[in-house]
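Taking it in order: structure first as structure tokens, then the write-up.
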Amino acid sequence: MLYSLMGGQLRLMVLLGAAAAFILTFVLLRTCQGLLPRDGGRKYAVNANLAKGKPRGAGVIFVPVFALCGLLFMPWSPEYLIYLLLTVGAMLSGYLDDASETPWGEYKKGLIDLILALAGAFTYLNFNGSSIALPFTGQTVTLPAWLFILLAVVLIWVSINVTNCSDGVDGLSGSLTLVTLGAFLLLCKGTDSTFAALTGIFMAALLAYQWYNASPSLLMMGDAGSRAMGFFIALAAMKSGNPFIYLLLALVLILDGGLSIAKISLKRFLKITILKNVRTPLHDHFRKNKGWSDTQVVFRFAILQLVICFVVLCLSL
């Protein structure tokens, strides 16, 4: 909308869009947090008593702000409109769970994630095709459509859930997401500058949320934020043209949340027990078993992901 009125100057519009997203998110979180549902505490979670009673579900504020600013300041296209709607859909599914008196079951949430993943995968394939770059080789391959859809669905579903599982320490999930999205923003500049700009606006809204979520937090994003972040990270991985590099640029997120999913799934479905002496998610292991403070977990995990992203970008750009 405003993009056309301002003469199509992408750099100016991303600056204005990011500023608007940050300011609007900051103000709304400050004034509307009393309307958010309250955390009821989580059984078995480390330091769950510290979170009990705090406003949660802040994703219901910063994700729609991002979507609105994306619509206002970025070039309009059916592809981006669908991505914004799906990101809001991921947020909404998480918020309804956050606000529910009885938490939704894992299978219900998993089915919703699958629907979102299918929609995201087919949308990307329709507008971009099935060619992908292989990390560090400079080679591009074109996958059969069915194989691309399968891999894209796995990518989106995994990204949603590992990001969600990492949301257990003040500032952790948001910090790791910012690092990962920052790396993908640089990669997307070479493949889709408009999506790179959209990523910058998402990061600006998330930064405003981080102001309130710094330890000790005043509010929490809940599933409304973490599921939308995971969905958008997967989109960024695909739009970079190099989706397999997600395994490195989100490695700490994957290890933190993914080991928990793997451990529970193997135990439940195959009766296989792994990592008996490791508490999952990993952030709980380092807090409970290693004695790290919340701040140490956030800084050290973020530093590890920053180092990995720096090395990967040096080898890729």
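Ordering of the structure tokens sets the chain letters (A, B, ...), residue numbers begin anew at 1 in every chain, and ligands are numbered from 1 in the order given.
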If you run DSSP on the backbone here, which positions in segment 31-149 of chain A get alpha helix (DSSP H)? Please write them as JSON, numbers by chain. {"A": [31, 32, 48, 49, 50, 51, 59, 60, 61, 62, 63, 64, 65, 66, 67, 68, 69, 70, 71, 72, 73, 78, 79, 80, 81, 82, 83, 84, 85, 86, 87, 88, 89, 90, 91, 92, 93, 94, 95, 96, 97, 98, 99, 106, 107, 108, 109, 110, 111, 112, 113, 114, 115, 116, 117, 118, 119, 120, 121, 122, 123, 124, 125, 126, 127, 128, 145, 146, 147, 148, 149]}
Might you pull out every residue within 10 Å of Asn128 of chain A, with only C-alpha atoms counted and same-chain residues fewer than 2 positions away left off, and present them as number ranges by chain? A: 79, 122-126, 130-132, 238-239, 241
Residue subset to file, keeping N, CA, C and O atoms, as a short mmCIF file (atom, residue, chain, number, x, y, z; two decimals), in the first residue's frame:
data_model
loop_
_atom_site.label_atom_id
_atom_site.label_comp_id
_atom_site.auth_asym_id
_atom_site.auth_seq_id
_atom_site.Cartn_x
_atom_site.Cartn_y
_atom_site.Cartn_z
N GLU A 79 1.62 -14.13 -3.02
CA GLU A 79 2.49 -15.04 -2.27
C GLU A 79 2.73 -14.52 -0.86
O GLU A 79 2.55 -15.25 0.13
N PHE A 122 2.90 -25.89 -0.35
CA PHE A 122 2.27 -25.77 -1.67
C PHE A 122 2.34 -24.32 -2.17
O PHE A 122 2.50 -24.09 -3.38
N THR A 123 2.20 -23.36 -1.27
CA THR A 123 2.30 -21.96 -1.67
C THR A 123 3.69 -21.65 -2.22
O THR A 123 3.84 -21.04 -3.29
N TYR A 124 4.71 -22.09 -1.50
CA TYR A 124 6.08 -21.84 -1.96
C TYR A 124 6.31 -22.50 -3.32
O TYR A 124 6.87 -21.89 -4.23
N LEU A 125 5.90 -23.77 -3.45
CA LEU A 125 6.12 -24.50 -4.70
C LEU A 125 5.43 -23.80 -5.87
O LEU A 125 5.99 -23.68 -6.96
N ASN A 126 4.22 -23.31 -5.64
CA ASN A 126 3.46 -22.67 -6.70
C ASN A 126 4.14 -21.40 -7.23
O ASN A 126 4.14 -21.14 -8.44
N SER A 130 10.62 -25.91 -7.49
CA SER A 130 11.21 -26.88 -6.57
C SER A 130 12.72 -26.97 -6.68
O SER A 130 13.32 -27.97 -6.27
N SER A 131 13.35 -25.94 -7.22
CA SER A 131 14.81 -25.92 -7.29
C SER A 131 15.39 -25.42 -5.97
O SER A 131 14.90 -24.44 -5.41
N ILE A 132 16.43 -26.08 -5.49
CA ILE A 132 17.08 -25.68 -4.25
C ILE A 132 18.60 -25.72 -4.44
O ILE A 132 19.11 -26.48 -5.26
N MET A 238 13.31 -21.52 3.24
CA MET A 238 12.95 -21.86 1.86
C MET A 238 13.21 -20.68 0.92
O MET A 238 13.73 -20.85 -0.19
N LYS A 239 12.87 -19.46 1.37
CA LYS A 239 13.07 -18.30 0.51
C LYS A 239 14.55 -17.98 0.30
O LYS A 239 14.90 -17.30 -0.66
N GLY A 241 16.53 -20.04 -0.67
CA GLY A 241 16.92 -20.91 -1.76
C GLY A 241 17.81 -22.06 -1.32
O GLY A 241 18.21 -22.89 -2.13
#
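Nearest to Ala90 of chain A of all the residues A:Ala197, A:Ala224, A:Leu306, A:Leu114 is A:Ala224, based on only C-alpha atoms.
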Closest to Phe184 of chain A among A:Ala208, A:Phe310, A:Val27, A:Ala99, using only C-alpha atoms?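 Closest residue, counting only C-alpha atoms: A:Phe310.
Closest approach to Ser77 of chain A among A:Phe231, A:Phe195, A:Phe299, A:Trp157 is made by A:Phe195 (distances from only C-alpha atoms).
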Neighbour list for segment 289-296 of chain A as a PyMOL selection string, cut-off 9 Å, only C-alpha atoms, skip fewer than 4 positions in-chain: chain A and resi 169-172+214-216+278-279+283-285+300-301
Rounded to one decimal in Å, what is the spacing between atom CA of Tyr83 of chain A and atom CA of Phe127 of chain A? 11.5 Å
Just give me the gap between atom CA of Ala234 of chain A and atom CA of Leu266 of chain A in Å, one decimal is fine.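 Distance between the two atoms: 24.2 Å.
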Could you name the residues that touch Ile156 of chain A at 6 Å or less, counting only C-alpha atoms, but leaving out those on the same chain fewer than 2 positions away, as a ChimeraX atom specification? /A:117,153-154,158-159,231,234
Once you have the residues from the selection above, write them out as a tab-separated table (two decimals), in the first residue's frame, restricted to C-alpha atoms.
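Written file, selection.tsv:
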chain	number	residue	atom	x	y	z
A	117	ALA	CA	2.98	-26.91	6.80
A	153	VAL	CA	6.38	-30.07	5.20
A	154	VAL	CA	8.97	-31.76	7.42
A	158	VAL	CA	9.98	-29.38	12.72
A	159	SER	CA	10.72	-25.65	12.83
A	231	PHE	CA	6.74	-21.10	10.93
A	234	ALA	CA	10.96	-22.20	7.92
Return the single residue from A:Phe269, A:Met221, A:Val179, A:Lys189 that is closest to Val307 of chain A, with distances computed using only C-alpha atoms.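 That would be A:Val179, the residue with the smallest distance to Val307 of chain A.
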List the neighbours of Leu249 of chain A out to 12 Å using only C-alpha atoms; skip same-chain residues closer than 5 positions along the sequence, and give me the result as an MDAnalysis selection string. chainID A and resid 135 159 176:187 233:234 236:237 240 242:244 254:255 302 304:313 316
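Closest to Leu68 of chain A among A:Thr87, A:Thr191, A:Thr102, A:Thr31 is A:Thr87, based on only C-alpha atoms.
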Take atom CA of Gly105 of chain A and atom CA of Phe62 of chain A and report the distance between them in Å, one decimal. 25.1 Å
Please determine, counting only C-alpha atoms, which residue among A:Pro64, A:Gln210, A:Val14, A:Ala121 has the shortest atom-to-atom distance to Trp146 of chain A.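 Once distances to Trp146 of chain A are computed over only C-alpha atoms, the minimum belongs to A:Ala121.
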Would you list the contacts of Lys263 of chain A as a PyMOL selection string, taking every protein, DNA or RNA residue within 10 Å and counting only C-alpha atoms, but skipping same-chain residues closer than 3 positions in sequence? chain A and resi 258-260+266-268+272-276+278-281
Let's have the selection written as a short mmCIF file (atom, residue, chain, number, x, y, z; two decimals), in the first residue's frame, with all heavy atoms.
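Listing of selection_7.cif after writing:
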data_model
loop_
_atom_site.label_atom_id
_atom_site.label_comp_id
_atom_site.auth_asym_id
_atom_site.auth_seq_id
_atom_site.Cartn_x
_atom_site.Cartn_y
_atom_site.Cartn_z
N GLY A 258 14.57 -29.98 19.73
CA GLY A 258 14.42 -31.22 18.98
C GLY A 258 14.75 -32.47 19.77
O GLY A 258 14.12 -33.52 19.59
N LEU A 259 15.77 -32.38 20.64
CA LEU A 259 16.10 -33.56 21.45
C LEU A 259 14.95 -33.95 22.35
O LEU A 259 14.72 -35.13 22.62
CB LEU A 259 17.36 -33.27 22.28
CG LEU A 259 18.68 -33.25 21.50
CD1 LEU A 259 19.84 -32.92 22.44
CD2 LEU A 259 18.93 -34.60 20.82
N SER A 260 14.21 -32.97 22.83
CA SER A 260 13.05 -33.26 23.67
C SER A 260 11.98 -34.01 22.88
O SER A 260 11.42 -35.00 23.36
CB SER A 260 12.47 -31.95 24.22
OG SER A 260 11.36 -32.19 25.03
N LEU A 266 10.47 -41.35 20.75
CA LEU A 266 11.05 -42.69 20.77
C LEU A 266 10.53 -43.50 21.95
O LEU A 266 10.26 -44.70 21.83
CB LEU A 266 12.58 -42.60 20.83
CG LEU A 266 13.27 -42.12 19.54
CD1 LEU A 266 14.75 -41.90 19.79
CD2 LEU A 266 13.06 -43.14 18.42
N LYS A 267 10.39 -42.85 23.10
CA LYS A 267 9.89 -43.54 24.28
C LYS A 267 8.44 -43.95 24.11
O LYS A 267 8.04 -45.06 24.45
CB LYS A 267 10.02 -42.61 25.49
CG LYS A 267 9.49 -43.19 26.80
CD LYS A 267 10.36 -44.29 27.32
CE LYS A 267 9.93 -44.74 28.71
NZ LYS A 267 10.76 -45.83 29.23
N ARG A 268 7.62 -43.05 23.55
CA ARG A 268 6.19 -43.29 23.45
C ARG A 268 5.84 -44.31 22.36
O ARG A 268 5.00 -45.19 22.57
CB ARG A 268 5.46 -41.97 23.17
CG ARG A 268 3.95 -42.10 23.03
CD ARG A 268 3.31 -40.75 22.81
NE ARG A 268 3.58 -39.85 23.93
CZ ARG A 268 3.25 -38.56 23.93
NH1 ARG A 268 2.67 -38.04 22.85
NH2 ARG A 268 3.53 -37.80 24.97
N ILE A 272 11.82 -46.92 23.13
CA ILE A 272 13.27 -46.77 23.17
C ILE A 272 13.61 -45.58 24.05
O ILE A 272 13.08 -44.48 23.86
CB ILE A 272 13.86 -46.56 21.76
CG1 ILE A 272 13.59 -47.79 20.88
CG2 ILE A 272 15.35 -46.26 21.83
CD1 ILE A 272 14.01 -47.60 19.44
N THR A 273 14.48 -45.80 25.01
CA THR A 273 14.88 -44.73 25.92
C THR A 273 16.27 -44.23 25.56
O THR A 273 17.22 -45.02 25.46
CB THR A 273 14.87 -45.22 27.38
OG1 THR A 273 13.55 -45.68 27.71
CG2 THR A 273 15.26 -44.10 28.32
N ILE A 274 16.39 -42.94 25.33
CA ILE A 274 17.69 -42.33 25.03
C ILE A 274 17.93 -41.17 25.99
O ILE A 274 17.01 -40.68 26.64
CB ILE A 274 17.76 -41.82 23.57
CG1 ILE A 274 16.71 -40.72 23.34
CG2 ILE A 274 17.58 -42.96 22.59
CD1 ILE A 274 16.85 -40.01 22.00
N LEU A 275 19.19 -40.79 26.11
CA LEU A 275 19.57 -39.62 26.90
C LEU A 275 18.99 -39.69 28.32
O LEU A 275 18.40 -38.74 28.82
CB LEU A 275 19.10 -38.33 26.21
CG LEU A 275 19.58 -38.11 24.77
CD1 LEU A 275 18.92 -36.89 24.16
CD2 LEU A 275 21.10 -37.95 24.74
N LYS A 276 19.21 -40.84 28.98
CA LYS A 276 18.65 -41.03 30.31
C LYS A 276 19.13 -39.99 31.31
O LYS A 276 18.38 -39.60 32.22
CB LYS A 276 19.00 -42.43 30.82
CG LYS A 276 18.31 -43.58 30.08
CD LYS A 276 18.67 -44.91 30.72
CE LYS A 276 17.97 -46.06 30.01
NZ LYS A 276 18.31 -47.38 30.62
N VAL A 278 20.14 -36.92 30.57
CA VAL A 278 20.05 -35.57 30.03
C VAL A 278 18.61 -35.10 30.14
O VAL A 278 17.69 -35.72 29.61
CB VAL A 278 20.51 -35.51 28.56
CG1 VAL A 278 20.32 -34.10 28.00
CG2 VAL A 278 21.96 -35.96 28.43
N ARG A 279 18.43 -34.00 30.85
CA ARG A 279 17.10 -33.41 30.96
C ARG A 279 16.81 -32.61 29.69
O ARG A 279 17.67 -31.89 29.19
CB ARG A 279 17.06 -32.48 32.18
CG ARG A 279 15.69 -31.88 32.48
CD ARG A 279 15.83 -30.86 33.60
NE ARG A 279 16.21 -31.50 34.84
CZ ARG A 279 15.36 -31.89 35.79
NH1 ARG A 279 14.07 -31.71 35.61
NH2 ARG A 279 15.79 -32.46 36.90
N THR A 280 15.60 -32.77 29.17
CA THR A 280 15.21 -32.01 27.98
C THR A 280 13.96 -31.22 28.28
O THR A 280 13.14 -31.63 29.11
CB THR A 280 14.97 -32.96 26.78
OG1 THR A 280 14.00 -33.94 27.12
CG2 THR A 280 16.26 -33.62 26.34
N PRO A 281 13.80 -30.05 27.60
CA PRO A 281 14.71 -29.40 26.66
C PRO A 281 16.08 -29.12 27.28
O PRO A 281 16.21 -29.03 28.50
CB PRO A 281 14.00 -28.10 26.30
CG PRO A 281 12.56 -28.32 26.66
CD PRO A 281 12.58 -29.24 27.82
#
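For Gly222 of chain A, the set of protein, DNA and RNA residues having any atom at most 10 Å away, when counting only C-alpha atoms and skipping those fewer than 5 positions along the same chain, is Pro37, Asp39, Pro55, Arg56, Gly57, Ala58, Gly59, Val60, Met91, Gly94, Tyr95, Asp97, Asp98, Ala99, Asn164, Asp167, Gly168 and Arg227 of chain A.
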